[in-house]
Every structure is written in C-alpha cells, then in structure tokens.
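Here is the file my_file.cif (mmCIF, C-alpha atoms).
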data_my_file
#
loop_
_atom_site.label_atom_id
_atom_site.label_comp_id
_atom_site.auth_asym_id
_atom_site.auth_seq_id
_atom_site.Cartn_x
_atom_site.Cartn_y
_atom_site.Cartn_z
CA ALA X 274 99.04 47.44 141.41
CA PRO X 275 101.33 46.22 144.22
CA MET X 276 104.16 43.98 143.17
CA ALA X 277 105.74 41.30 145.32
CA ARG X 278 109.50 41.06 145.49
CA LEU X 279 110.94 37.57 145.87
CA PRO X 280 114.22 36.72 147.62
CA ALA X 281 117.40 37.41 145.64
CA MET X 282 117.98 35.01 142.77
CA THR X 283 121.22 33.18 142.07
CA VAL X 284 121.95 35.12 138.85
CA GLU X 285 123.93 38.06 140.19
CA PHE X 286 126.14 39.58 137.51
CA PRO X 287 126.68 43.35 137.22
CA VAL X 288 125.98 44.90 133.82
CA ALA X 289 129.57 46.16 133.56
CA GLU X 290 131.00 42.69 134.19
CA VAL X 291 128.66 41.07 131.67
CA HIS X 292 129.45 43.60 128.95
CA GLU X 293 133.21 43.26 129.41
CA ALA X 294 133.00 39.47 129.42
CA ILE X 295 131.05 39.46 126.16
CA ALA X 296 133.39 42.08 124.67
CA ALA X 297 136.39 39.87 125.40
CA THR X 298 134.96 37.17 123.13
CA ARG X 299 134.46 39.46 120.08
CA PRO X 300 136.78 42.48 120.48
CA ASP X 301 136.93 43.38 116.79
CA GLU X 302 133.23 43.00 115.99
CA VAL X 303 131.14 46.16 115.76
CA CYS X 304 128.76 46.78 118.67
CA LEU X 305 127.42 50.27 117.77
CA VAL X 306 126.98 52.19 114.52
CA PHE X 307 126.15 55.91 114.46
CA ARG X 308 126.69 57.93 111.31
CA ASP X 309 130.33 57.37 110.29
CA ARG X 310 131.31 55.77 113.62
CA ARG X 311 131.57 51.99 113.77
CA ILE X 312 132.57 51.27 117.37
CA THR X 313 133.94 47.82 118.14
CA TRP X 314 133.48 45.97 121.42
CA ARG X 315 137.13 46.70 122.25
CA GLU X 316 136.65 50.40 121.57
CA MET X 317 133.43 50.49 123.60
CA THR X 318 135.26 48.87 126.52
CA ASP X 319 138.03 51.46 126.25
CA ARG X 320 135.72 54.48 125.92
CA THR X 321 133.45 53.47 128.81
CA ARG X 322 136.41 52.73 131.06
CA ARG X 323 137.81 56.18 130.26
CA LEU X 324 134.50 57.80 131.17
CA ALA X 325 134.32 55.76 134.37
CA ASN X 326 137.84 56.77 135.34
CA HIS X 327 137.02 60.44 134.71
CA LEU X 328 134.04 60.17 137.07
CA HIS X 329 136.04 58.22 139.63
CA ARG X 330 138.89 60.73 139.55
CA ALA X 331 136.33 63.46 140.28
CA GLY X 332 135.46 61.65 143.49
CA LEU X 333 132.17 60.13 142.32
CA GLY X 334 131.04 56.58 142.98
CA CYS X 335 129.45 54.50 145.72
CA ASN X 336 129.42 55.96 149.22
CA THR X 337 127.17 53.49 151.08
CA GLU X 338 126.69 49.85 150.10
CA ARG X 339 123.17 48.67 149.30
CA SER X 340 122.87 46.32 152.28
CA GLY X 341 122.53 49.27 154.64
CA LEU X 342 119.78 51.03 152.70
CA GLN X 343 116.02 50.88 152.26
CA GLY X 344 114.32 50.51 148.88
CA HIS X 345 113.86 54.24 148.33
CA GLU X 346 117.41 55.15 149.35
CA THR X 347 120.61 55.42 147.34
CA GLY X 348 124.22 55.25 148.43
CA GLN X 349 125.68 56.32 145.09
CA ASP X 350 126.31 59.50 143.13
CA HIS X 351 124.04 59.97 140.12
CA LEU X 352 124.82 60.74 136.47
CA ALA X 353 122.21 62.65 134.42
CA ILE X 354 122.16 61.78 130.70
CA TYR X 355 120.80 64.82 128.86
CA LEU X 356 121.39 63.72 125.28
CA HIS X 357 119.86 62.87 121.93
CA ASN X 358 120.41 59.30 120.75
CA GLY X 359 123.99 58.51 119.84
CA ASN X 360 126.97 56.45 120.96
CA GLU X 361 127.52 58.87 123.86
CA TYR X 362 124.16 58.02 125.44
CA LEU X 363 124.86 54.31 125.83
CA GLU X 364 128.50 55.00 126.71
CA CYS X 365 127.26 57.13 129.60
CA MET X 366 125.01 54.38 130.90
CA LEU X 367 127.74 51.76 130.71
CA GLY X 368 130.48 54.13 131.89
CA GLY X 369 128.31 55.10 134.85
CA PHE X 370 127.93 51.45 135.83
CA LYS X 371 131.71 51.01 135.53
CA ALA X 372 132.29 53.94 137.92
CA ARG X 373 129.60 52.74 140.37
CA VAL X 374 127.77 55.99 139.53
CA ALA X 375 124.05 55.46 138.89
CA PRO X 376 122.97 56.69 135.43
CA PHE X 377 119.51 58.12 134.80
CA ASN X 378 117.55 59.51 131.87
CA VAL X 379 116.69 63.17 131.32
CA ASN X 380 113.77 64.16 129.12
CA TYR X 381 115.39 66.64 126.73
CA ARG X 382 112.02 68.23 125.98
CA TYR X 383 111.77 69.62 129.51
CA VAL X 384 111.72 73.38 129.95
CA ALA X 385 113.98 74.93 132.58
CA GLU X 386 111.49 74.61 135.45
CA GLU X 387 110.97 70.89 134.76
CA LEU X 388 114.70 70.31 134.35
CA ARG X 389 115.38 72.06 137.65
CA TYR X 390 112.87 69.77 139.39
CA LEU X 391 114.38 66.61 137.88
CA LEU X 392 118.01 67.46 138.62
CA THR X 393 117.10 68.53 142.15
CA ASP X 394 114.95 65.47 142.83
CA SER X 395 117.71 63.19 141.55
CA ASN X 396 120.47 65.11 143.35
CA ALA X 397 122.57 64.76 140.21
CA ALA X 398 126.31 64.99 140.84
CA ALA X 399 127.28 64.72 137.16
CA ILE X 400 125.66 65.42 133.82
CA VAL X 401 126.51 64.77 130.17
CA VAL X 402 124.72 67.24 127.91
CA HIS X 403 124.48 67.88 124.19
CA SER X 404 125.45 71.44 123.30
CA ALA X 405 121.95 72.04 121.92
CA PHE X 406 120.57 71.76 125.48
CA ALA X 407 123.33 73.80 127.15
CA PRO X 408 121.29 77.05 127.30
CA THR X 409 118.49 75.32 129.25
CA LEU X 410 120.97 73.72 131.62
CA ALA X 411 122.69 77.09 132.10
CA GLU X 412 119.40 78.55 133.36
CA VAL X 413 119.20 76.10 136.26
CA MET X 414 122.87 75.50 137.13
CA PRO X 415 122.89 78.16 139.90
CA ASP X 416 120.24 76.09 141.71
CA LEU X 417 122.24 72.83 141.57
CA PRO X 418 125.07 73.04 144.10
CA ASN X 419 125.68 69.29 144.01
CA LEU X 420 126.32 69.24 140.23
CA ARG X 421 130.09 68.82 140.22
CA VAL X 422 130.92 67.24 136.84
CA ILE X 423 129.64 68.59 133.51
CA LEU X 424 130.65 66.94 130.24
CA GLN X 425 129.44 68.52 127.02
CA VAL X 426 128.94 66.73 123.69
CA ALA X 427 129.50 68.91 120.63
CA ASP X 428 126.70 68.98 118.04
CA HIS X 429 125.27 70.97 115.14
CA SER X 430 124.14 73.80 117.45
CA GLY X 431 127.66 75.15 117.82
CA ASN X 432 126.87 76.34 121.34
CA GLU X 433 129.92 77.21 123.42
CA LEU X 434 131.22 75.19 126.34
CA LEU X 435 129.33 75.83 129.57
CA PRO X 436 131.25 77.37 132.49
CA GLY X 437 132.99 74.60 134.41
CA ALA X 438 132.28 72.01 131.72
CA VAL X 439 134.73 69.82 129.78
CA TRP X 440 134.20 68.59 126.25
CA TYR X 441 133.20 64.92 126.39
CA GLU X 442 135.82 63.73 123.92
CA ASP X 443 138.56 65.72 125.67
CA ALA X 444 137.63 64.10 128.98
CA LEU X 445 137.87 60.62 127.46
CA ALA X 446 141.16 61.38 125.73
CA ALA X 447 142.72 62.61 129.00
CA SER X 448 141.53 59.63 131.03
CA SER X 449 142.85 56.09 131.50
CA GLY X 450 141.60 53.12 129.50
CA GLU X 451 142.48 50.74 132.33
CA LYS X 452 139.75 48.99 134.29
CA PRO X 453 138.53 51.44 136.96
CA PRO X 454 139.81 50.76 140.49
CA VAL X 455 136.39 49.78 141.89
CA THR X 456 134.58 46.48 142.45
CA TRP X 457 131.37 46.31 140.44
CA SER X 458 128.37 45.15 142.43
CA PRO X 459 125.04 43.55 141.44
CA ASP X 460 123.51 46.04 143.90
CA ASP X 461 124.69 49.15 142.03
CA LEU X 462 121.74 51.19 140.79
CA TYR X 463 120.17 51.78 137.41
CA ILE X 464 117.72 54.68 137.75
CA LEU X 465 114.82 55.09 135.35
CA TYR X 466 112.82 58.29 135.65
CA THR X 467 109.13 58.06 134.76
CA GLY X 468 107.71 60.67 132.43
CA GLY X 469 105.42 62.26 134.97
CA THR X 470 102.15 61.33 133.26
CA THR X 471 100.75 60.09 136.61
CA GLY X 472 102.16 62.91 138.75
CA MET X 473 105.64 64.35 139.09
CA PRO X 474 108.48 62.31 137.55
CA LYS X 475 109.69 59.56 139.89
CA GLY X 476 113.10 57.94 139.95
CA VAL X 477 112.64 54.16 139.88
CA LEU X 478 115.60 52.42 141.54
CA TRP X 479 116.75 49.07 140.15
CA ARG X 480 119.59 46.84 141.27
CA ASN X 481 121.50 46.66 138.00
CA ALA X 482 121.75 42.85 138.16
CA ASP X 483 117.95 42.63 138.37
CA ALA X 484 117.49 45.20 135.61
CA ASN X 485 119.91 43.24 133.43
CA VAL X 486 117.53 40.27 133.49
CA GLU X 487 114.09 41.87 133.78
CA CYS X 488 114.62 45.01 131.66
CA PHE X 489 117.67 44.29 129.50
CA GLY X 490 116.75 40.71 128.60
CA GLY X 491 120.01 39.32 129.93
CA SER X 492 120.80 35.64 130.28
CA ARG X 493 119.50 33.77 133.31
CA ALA X 494 122.49 31.41 133.28
CA GLU X 495 123.97 30.78 136.72
CA THR X 496 127.61 31.25 135.70
CA LEU X 497 129.31 34.09 133.84
CA GLU X 498 130.55 31.52 131.34
CA GLY X 499 126.96 30.54 130.68
CA VAL X 500 125.93 34.18 130.28
CA VAL X 501 128.67 34.68 127.68
CA ALA X 502 127.74 31.44 125.91
CA ASP X 503 124.20 32.76 125.49
CA ALA X 504 125.53 35.82 123.65
CA THR X 505 125.40 34.21 120.24
CA GLY X 506 125.44 37.43 118.20
CA GLY X 507 123.48 38.20 115.06
CA LEU X 508 120.92 40.66 116.46
CA LYS X 509 121.15 44.01 114.67
CA SER X 510 118.80 46.48 116.33
CA LEU X 511 117.61 49.97 115.38
CA LEU X 512 115.86 51.84 118.22
CA ALA X 513 113.80 54.58 116.58
CA PRO X 514 112.47 56.23 119.80
CA PRO X 515 114.60 58.49 121.98
CA PHE X 516 116.92 56.68 124.39
CA MET X 517 115.59 58.99 127.10
CA HIS X 518 112.65 56.57 127.39
CA GLY X 519 113.14 53.22 129.09
CA ALA X 520 112.42 51.08 126.03
CA GLY X 521 115.48 52.53 124.30
CA HIS X 522 117.76 51.52 127.19
CA TRP X 523 116.14 48.13 127.47
CA VAL X 524 116.41 47.06 123.84
CA SER X 525 119.92 48.50 123.44
CA PHE X 526 121.28 46.49 126.36
CA ARG X 527 119.21 43.48 125.31
CA THR X 528 121.02 43.66 121.98
CA TRP X 529 124.40 43.87 123.67
CA ASN X 530 123.49 41.02 126.02
CA SER X 531 122.94 38.91 122.90
CA GLY X 532 126.34 39.91 121.50
CA GLY X 533 124.66 42.00 118.80
CA CYS X 534 124.99 45.52 117.40
CA VAL X 535 122.98 48.70 118.08
CA TYR X 536 122.27 51.11 115.20
CA VAL X 537 121.34 54.78 115.61
CA GLN X 538 119.67 56.74 112.81
CA ASP X 539 121.56 59.68 111.32
CA HIS X 540 118.92 62.20 112.47
CA PRO X 541 117.94 61.09 115.99
CA GLU X 542 116.48 64.47 116.95
CA ARG X 543 113.34 63.77 114.90
CA LEU X 544 111.40 60.90 113.34
CA ASP X 545 112.73 60.61 109.79
CA PRO X 546 111.16 57.55 108.10
CA ALA X 547 113.50 57.68 105.08
CA ASP X 548 116.47 57.76 107.46
CA ILE X 549 115.14 54.73 109.34
CA TRP X 550 114.24 52.57 106.34
CA GLY X 551 117.43 53.58 104.53
CA LEU X 552 119.57 52.51 107.48
CA ILE X 553 117.74 49.18 107.77
CA GLU X 554 118.32 48.55 104.05
CA ARG X 555 121.96 49.65 104.08
CA GLU X 556 123.01 47.78 107.23
CA GLN X 557 120.62 44.81 106.94
CA VAL X 558 119.12 45.51 110.35
CA THR X 559 117.05 42.64 111.79
CA PHE X 560 115.12 44.32 114.65
CA LEU X 561 113.23 47.63 114.80
CA LEU X 562 111.74 49.31 117.88
CA ILE X 563 108.90 51.84 117.42
CA VAL X 564 106.22 53.47 119.60
CA GLY X 565 102.69 52.69 118.40
CA ASP X 566 100.72 54.51 115.73
CA ALA X 567 102.66 57.77 116.09
CA PHE X 568 105.67 55.98 114.59
CA GLY X 569 103.77 53.41 112.54
CA ARG X 570 101.81 55.81 110.33
CA PRO X 571 104.76 57.93 109.09
CA LEU X 572 106.86 54.79 108.52
CA LEU X 573 104.06 53.24 106.44
CA ASP X 574 103.55 56.44 104.45
CA GLU X 575 107.22 56.33 103.48
CA LEU X 576 106.87 52.71 102.33
CA ASP X 577 103.96 53.80 100.16
CA ARG X 578 106.10 56.54 98.58
CA ASN X 579 109.40 54.72 98.09
CA SER X 580 110.75 51.20 97.71
CA TYR X 581 113.32 49.67 100.09
CA ASP X 582 114.91 46.23 100.32
CA LEU X 583 113.90 45.29 103.89
CA ALA X 584 114.27 41.52 103.61
CA SER X 585 116.66 41.47 106.61
CA LEU X 586 114.04 42.86 109.00
CA THR X 587 112.45 39.99 110.92
CA VAL X 588 110.99 41.62 114.07
CA MET X 589 109.33 44.96 114.75
CA LEU X 590 108.53 45.66 118.41
CA SER X 591 106.08 48.37 119.44
CA GLY X 592 105.98 49.50 123.05
CA GLY X 593 104.75 52.46 125.05
CA ALA X 594 101.58 53.00 122.99
CA ALA X 595 99.13 50.86 121.06
CA LEU X 596 99.85 49.87 117.47
CA SER X 597 96.44 49.55 115.79
CA ALA X 598 95.43 46.37 114.00
CA ASN X 599 94.96 48.12 110.65
CA LEU X 600 98.51 49.49 110.79
CA LYS X 601 99.87 46.04 111.65
CA ASP X 602 98.07 44.65 108.60
CA GLU X 603 99.64 47.35 106.43
CA PHE X 604 103.14 46.49 107.73
CA LEU X 605 102.50 42.82 107.04
CA GLN X 606 101.33 43.62 103.51
CA HIS X 607 104.60 45.43 102.82
CA LEU X 608 106.69 42.87 104.74
CA PRO X 609 104.90 39.48 104.73
CA THR X 610 107.61 37.68 106.72
CA LEU X 611 107.75 40.32 109.48
CA MET X 612 106.85 39.45 113.07
CA VAL X 613 105.06 42.38 114.73
CA VAL X 614 105.28 42.30 118.54
CA ASP X 615 103.40 44.42 121.07
CA GLY X 616 105.38 44.72 124.30
CA LEU X 617 103.85 45.63 127.66
CA GLY X 618 105.84 46.52 130.74
CA SER X 619 106.45 49.17 133.35
CA SER X 620 109.31 51.16 134.80
CA GLU X 621 108.76 49.40 138.15
CA ALA X 622 108.51 45.81 136.89
CA GLY X 623 110.41 45.64 133.60
CA GLY X 624 109.08 43.67 130.65
CA GLN X 625 105.87 41.82 131.40
CA LEU X 626 103.65 40.65 128.52
CA SER X 627 103.83 40.41 124.73
CA HIS X 628 101.50 39.83 121.79
CA VAL X 629 102.69 38.60 118.37
CA SER X 630 101.11 39.26 114.97
CA VAL X 631 102.18 37.41 111.83
CA GLY X 632 100.58 36.77 108.47
CA SER X 633 97.14 38.38 108.32
CA GLY X 634 94.22 39.19 110.58
CA ALA X 635 96.23 41.16 113.14
CA THR X 636 94.55 42.48 116.28
CA THR X 637 95.31 45.37 118.59
CA GLY X 638 97.33 43.97 121.50
CA THR X 639 95.62 41.28 123.58
CA PHE X 640 98.14 39.92 126.04
CA PRO X 641 98.11 36.35 127.35
CA ILE X 642 99.25 36.08 130.96
CA SER X 643 102.74 34.70 131.55
CA PRO X 644 104.58 33.28 134.58
CA GLY X 645 105.35 35.88 137.25
CA ASN X 646 102.43 38.09 136.19
CA HIS X 647 99.13 38.18 138.05
CA VAL X 648 95.75 39.87 137.85
CA LEU X 649 94.54 41.22 141.20
CA SER X 650 91.03 42.23 142.20
CA GLU X 651 90.03 45.88 142.02
CA ALA X 652 90.37 46.05 145.83
CA LEU X 653 93.86 44.46 145.59
CA ASP X 654 92.85 41.81 148.13
CA ARG X 655 93.00 38.62 146.02
CA GLU X 656 94.37 37.18 142.80
CA LEU X 657 91.74 36.65 140.10
CA PRO X 658 91.63 33.18 138.55
CA ALA X 659 91.67 32.72 134.78
CA GLY X 660 88.30 33.51 133.27
CA ASP X 661 87.11 35.69 136.15
CA PRO X 662 84.96 38.48 134.62
CA GLU X 663 86.08 41.11 137.16
CA ILE X 664 88.32 43.82 135.74
CA GLY X 665 91.48 43.87 137.81
CA TRP X 666 95.02 45.18 138.11
CA LEU X 667 98.06 43.68 136.43
CA ALA X 668 100.79 42.93 138.97
CA LYS X 669 104.12 41.15 138.92
CA SER X 670 106.22 39.08 141.30
CA GLY X 671 109.90 38.19 141.17
CA ARG X 672 112.82 40.46 140.39
CA LEU X 673 111.53 44.03 140.57
CA ALA X 674 112.73 47.55 141.13
CA LEU X 675 113.53 48.52 144.74
CA GLY X 676 111.44 51.66 145.08
CA TYR X 677 111.03 55.33 144.22
CA LEU X 678 113.99 57.58 144.95
CA GLY X 679 113.42 59.52 148.17
CA ASP X 680 109.77 58.48 148.59
CA ALA X 681 109.23 55.88 151.31
CA ALA X 682 105.42 56.21 151.27
CA LYS X 683 104.94 55.64 147.52
CA THR X 684 107.45 52.82 147.64
CA ALA X 685 105.46 51.06 150.38
CA ARG X 686 102.22 51.48 148.42
CA THR X 687 103.63 50.09 145.19
CA TRP X 688 105.79 47.21 146.38
CA ASP X 689 104.71 44.42 148.70
CA SER X 690 107.99 43.27 150.19
#
As structure tokens, the full file:
Amino acid sequence: APMARLPAMTVEFPVAEVHEAIAATRPDEVCLVFRDRRITWREMTDRTRRLANHLHRAGLGCNTERSGLQGHETGQDHLAIYLHNGNEYLECMLGGFKARVAPFNVNYRYVAEELRYLLTDSNAAAIVVHSAFAPTLAEVMPDLPNLRVILQVADHSGNELLPGAVWYEDALAASSGEKPPVTWSPDDLYILYTGGTTGMPKGVLWRNADANVECFGGSRAETLEGVVADATGGLKSLLAPPFMHGAGHWVSFRTWNSGGCVYVQDHPERLDPADIWGLIEREQVTFLLIVGDAFGRPLLDELDRNSYDLASLTVMLSGGAALSANLKDEFLQHLPTLMVVDGLGSSEAGGQLSHVSVGSGATTGTFPISPGNHVLSEALDRELPAGDPEIGWLAKSGRLALGYLGDAAKTARTWDS
C-alpha cells in the first residue's frame, strides 16, 4: 500500500557517527564474536576505517549530494556484499557508510544470470566476495565494466584470488586506520535489495539516518550525547538467518545501537541447531533471531534430543515468515521464561508491528496496530477506522525509504510524498 513520507525529523545522525560515538565509550568491550575472533569496539572502528579508506583511495564515495536528487536516484557509488555471515559482512556495511559508499545485500544463492542482473541493476562499483562464490562472480565479471574494486574473503573453499581482486585482510592491513577524509551525512544511502518474490529484485533506497531509527532500532534522542546515553549495553544477539536478508542487518545494528554484542554461529552457511544452541549456552546469549517454522522446527527437534543451559535467553524474535502457535508453545515448554516475538515489517517501511507470546496459549501472529501504521481501504482511497470489517492494506507514515533504485514509476506508486 502507499506510504506517506513526513517532513524530515530532528534526529539526524549518520550510522557511522553513531557507531563511533558509542565505540568511544566502551573501546575494550567486545562488539562481535565469530569463531575464535572476539572483536572489540576499538578494533571494529579501526577495521571499518581501514576498509573505508581503501574504498576512498580507489576513488569511490559520494558524487552528488542527496538534495539534488529524486527518491529513485543515487549520487553515490555502491558496494555489493556477497558473503556468508561473519564479521566481514557487518564490517562491509559499516565501512561502506564510513566511505560514503552505499552498501547493499547480495543473495548468495543466485545463479550467474541472477547475479548479473543484480550487479547490473545496482551498478555496483565495488564488491566483497567469499572465495566460495568467486566462480559465479567470475562468470559475470566481463559484463560489469563499472566493477572497479574486488575484495575477496578467504574461506574453506580454497578458491584462488580472482583476477584484479585483493585479499580482504591484505587490503585492510595496507590501509590507514585514521578517520576517512569525508564528512558523513544523514542523507548517505543504505540500500536493501528485495528478494524478487513480487517481481524482479528492487533496490530500496534509505537515508541511513532514517534507516538507523526505523530499521536499526536506533535512539530517537535529539542529541548525539542522548543517543550514546541510550546505549546501555547488555544485549547479546545471535542472528541465525543469513545477513543477506534485511532482518539480519536490522537486528545486528539494533544490537550495536544498544551498545551490545553480535554473535555469529560457527557454521553460518547452513542451519545447524546444535551450533546455535551451543553458542547461546557458551556465550550466555540473550536474544535470538529466527525465521518462522523453517527455523523453529529444527531448533525444537535439537532441544528434544539434547539438553542445553539456555537460562540467559530472554527473547526470541521471528520475522519474515509465520511461526505457528504450536511451535511457540513447544518453545515455551522448553523455556518457560522466554518471550517469543513475531515481527512484521517491510523493506520499504522498516519495522512496523509486533506480537508477543509468553507463558501458555500462544497464537499465530495477530498484530495490534501501532502509531504511524494505518489500514487503508482496498481501493486505497480512505483510512479504515478500528473495527471496520473491510479487509484493507497495511500502510505506514513517517520516516520511510526514499524509493526504488532507478524506477521512478514504481517509486511514485508506492510512496505518497
């Protein structure tokens, strides 16, 4: 349904600025754990600055400021993130922001034809790729004349370095850890590509300051000091789905906005329930993200087979697909103090509605309306009042995405400016 964009709010802090401000208050605390890597806030600042400086030195960044562009247009170079979950994925997002290069997600299950479409549609100027995906990228590289920077992350595949590529860690080691010589802007883009279930994949363009609030759960405080004060720490989050989907970005940065720590399972290339529960037990994780029954059933089967101390886990959020009531009841039988949350949102509007199950008698998600969300008539010509029996469309007003990359017509149909 159409969504109405309100005038710019007063909270206007770039993601890069927020992350560095929070990092300065807890430099030696751990902000990301992946296998044997325990990366502190200071180290994350250093690594993402190095990546940003590598991109900047290659001539990538912002070419046209946002004020001169329409909602479907971009004035920045774009960074494709073609990776499994790991520290590198989130480093690329944050490092992109620090270089004023817009990061976007690549579905690593795409075959060559789909990958060619995505990288052409996005006009990617840079890509970070796991070695396991290098053969697929190699198939389409001759068709991507604008792809000027290729960083490759070594993995178990042992695949050789692509022609013209640089190993990711070598690039960071050779770059500067100083703050990049650019001025971060609230207008700089975060690009979220849809999966293509309703047509071809579309690049949803967000001002990163809006995404930080509506997608990444950032503070709405009106000063940077207030934003930092709201980062009280304590949240320890494990995101079981691939980061290539929006929910993985959103909850990871939500965790960092709280001053917390992101955990990545040892085997992110597949759903390994023992890996997930073992990590929660070992690290005393407090928050788990899953995707509906497809994740819920295998996780429950593992709890039936083996015993874990999961007393630390207080919240499990399911998004992207329905988590059935019977599975919720099974989780609550294993973990009576757990809060099971259904989250509903969209790439174009961010988080919208939630449903909470505790105790017993869980139901499949029924979402109460919340401020900024509206139900429109089927004809999209009026807002339906509470209790109206007509089935309508869920819409949102407030801070929203700007539009679809390169598509003025679809942008006009979806957003009511």
Surrounding residues of Gly334 (chain X) excluding itself and chain neighbours under 5 positions, 9 Å, only C-alpha atoms, as a ChimeraX atom specification: /X:328-329,348-351,369,372-375,455
Leu552 (chain X) environment, 12 Å, only C-alpha atoms, sequence neighbours closer than 6 positions dropped, as a PyMOL selection string: chain X and resi 306-308+509-513+535-540+545-546+558-561+581-583+585-586
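For the pair CA of Asp483 (chain X) and CA of Thr505 (chain X), the separation is 21.3 Å.
If you apply the PyMOL selection byres ((chain X and resi 485) around 9) to this structure, you end up with Phe286, Pro287, Val288, Arg480, Asn481, Ala482, Asp483, Ala484, Val486, Glu487, Cys488, Phe489, Gly490, Gly491, Ser492, Trp523, Phe526, Arg527 and Asn530 of chain X.
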Apply the PyMOL selection byres ((chain X and resi 563-577) around 12) to the displayed file and report the matching residues as number ranges by chain. X: 510-516, 518-521, 524, 543-551, 560-562, 578-583, 588-608, 613-617, 637-638
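The residue that comes closest to Ala446 (chain X), out of X:Met612, X:Leu653, X:His327, X:Gly660 and on the basis of only C-alpha atoms, is X:His327.
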Please report the interatomic distance between CA of Thr456 (chain X) and CA of Trp440 (chain X) in Å with one decimal. 27.4 Å
Please measure the separation of CA of Asp461 (chain X) and CA of Leu410 (chain X), giving the value in Å to one decimal.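 Those two atoms sit 26.9 Å apart.
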I want to know what sits within 6 Å of region 418-424 of chain X, based on all atoms listed in the file, with residues of the same chain fewer than 6 positions away left out; could you give that as a ChimeraX atom specification? /X:397-401,438-441
So for region 305-309 of chain X, what box centre and size do we get, axis-aligned, 4 Å extra on each of the six sides, every listed atom, Å to one decimal, as lines of an AutoDock Vina configuration file?
center_x = 128.2
center_y = 54.1
center_z = 114.0
size_x = 12.2
size_y = 15.7
size_z = 15.5
Minimum-distance residue to Val402 (chain X), chosen among X:Leu356, X:Leu445, X:Leu435, X:Leu675 (using only C-alpha atoms): X:Leu356
Counting only C-alpha atoms, the residue of X:Glu338, X:Glu442, X:Glu386, X:Glu316 that sits nearest Ala427 (chain X):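 Under the stated criterion, the closest residue is X:Glu442.
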Return as a list of chain:residue names the set of residues that the PyMOL selection byres ((chain X and resi 465) around 6) yields on the displayed structure.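 Applied to this file, the PyMOL selection byres ((chain X and resi 465) around 6) selects X:Phe377, X:Ile464, X:Tyr466, X:Gly476, X:Val477.
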List every protein, DNA or RNA residue that has an atom no more than 9 Å from (121.9, 60.6, 124.6) in the file's coordinate frame, counting all atoms listed in the file, and report them as a ChimeraX atom specification. /X:354-365,378-379,401-403,515-517
File dump, residues just selected, C-alpha atoms, as a PDB file, in the coordinates of the input:
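Output file out-v4.pdb follows:
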ATOM      1  CA  ILE X 354     122.160  61.780 130.700  1.00  0.00           C
ATOM      2  CA  TYR X 355     120.800  64.820 128.860  1.00  0.00           C
ATOM      3  CA  LEU X 356     121.390  63.720 125.280  1.00  0.00           C
ATOM      4  CA  HIS X 357     119.860  62.870 121.930  1.00  0.00           C
ATOM      5  CA  ASN X 358     120.410  59.300 120.750  1.00  0.00           C
ATOM      6  CA  GLY X 359     123.990  58.510 119.840  1.00  0.00           C
ATOM      7  CA  ASN X 360     126.970  56.450 120.960  1.00  0.00           C
ATOM      8  CA  GLU X 361     127.520  58.870 123.860  1.00  0.00           C
ATOM      9  CA  TYR X 362     124.160  58.020 125.440  1.00  0.00           C
ATOM     10  CA  LEU X 363     124.860  54.310 125.830  1.00  0.00           C
ATOM     11  CA  GLU X 364     128.500  55.000 126.710  1.00  0.00           C
ATOM     12  CA  CYS X 365     127.260  57.130 129.600  1.00  0.00           C
ATOM     13  CA  ASN X 378     117.550  59.510 131.870  1.00  0.00           C
ATOM     14  CA  VAL X 379     116.690  63.170 131.320  1.00  0.00           C
ATOM     15  CA  VAL X 401     126.510  64.770 130.170  1.00  0.00           C
ATOM     16  CA  VAL X 402     124.720  67.240 127.910  1.00  0.00           C
ATOM     17  CA  HIS X 403     124.480  67.880 124.190  1.00  0.00           C
ATOM     18  CA  PRO X 515     114.600  58.490 121.980  1.00  0.00           C
ATOM     19  CA  PHE X 516     116.920  56.680 124.390  1.00  0.00           C
ATOM     20  CA  MET X 517     115.590  58.990 127.100  1.00  0.00           C
TER      21      MET X 517
END
Would you mind telling me which residue in X:Gly506, X:Gly450, X:Gly679, X:Gly341 lies nearest to Val303 (chain X) when using all atoms listed in the file?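 Closest residue, counting all atoms listed in the file: X:Gly506.
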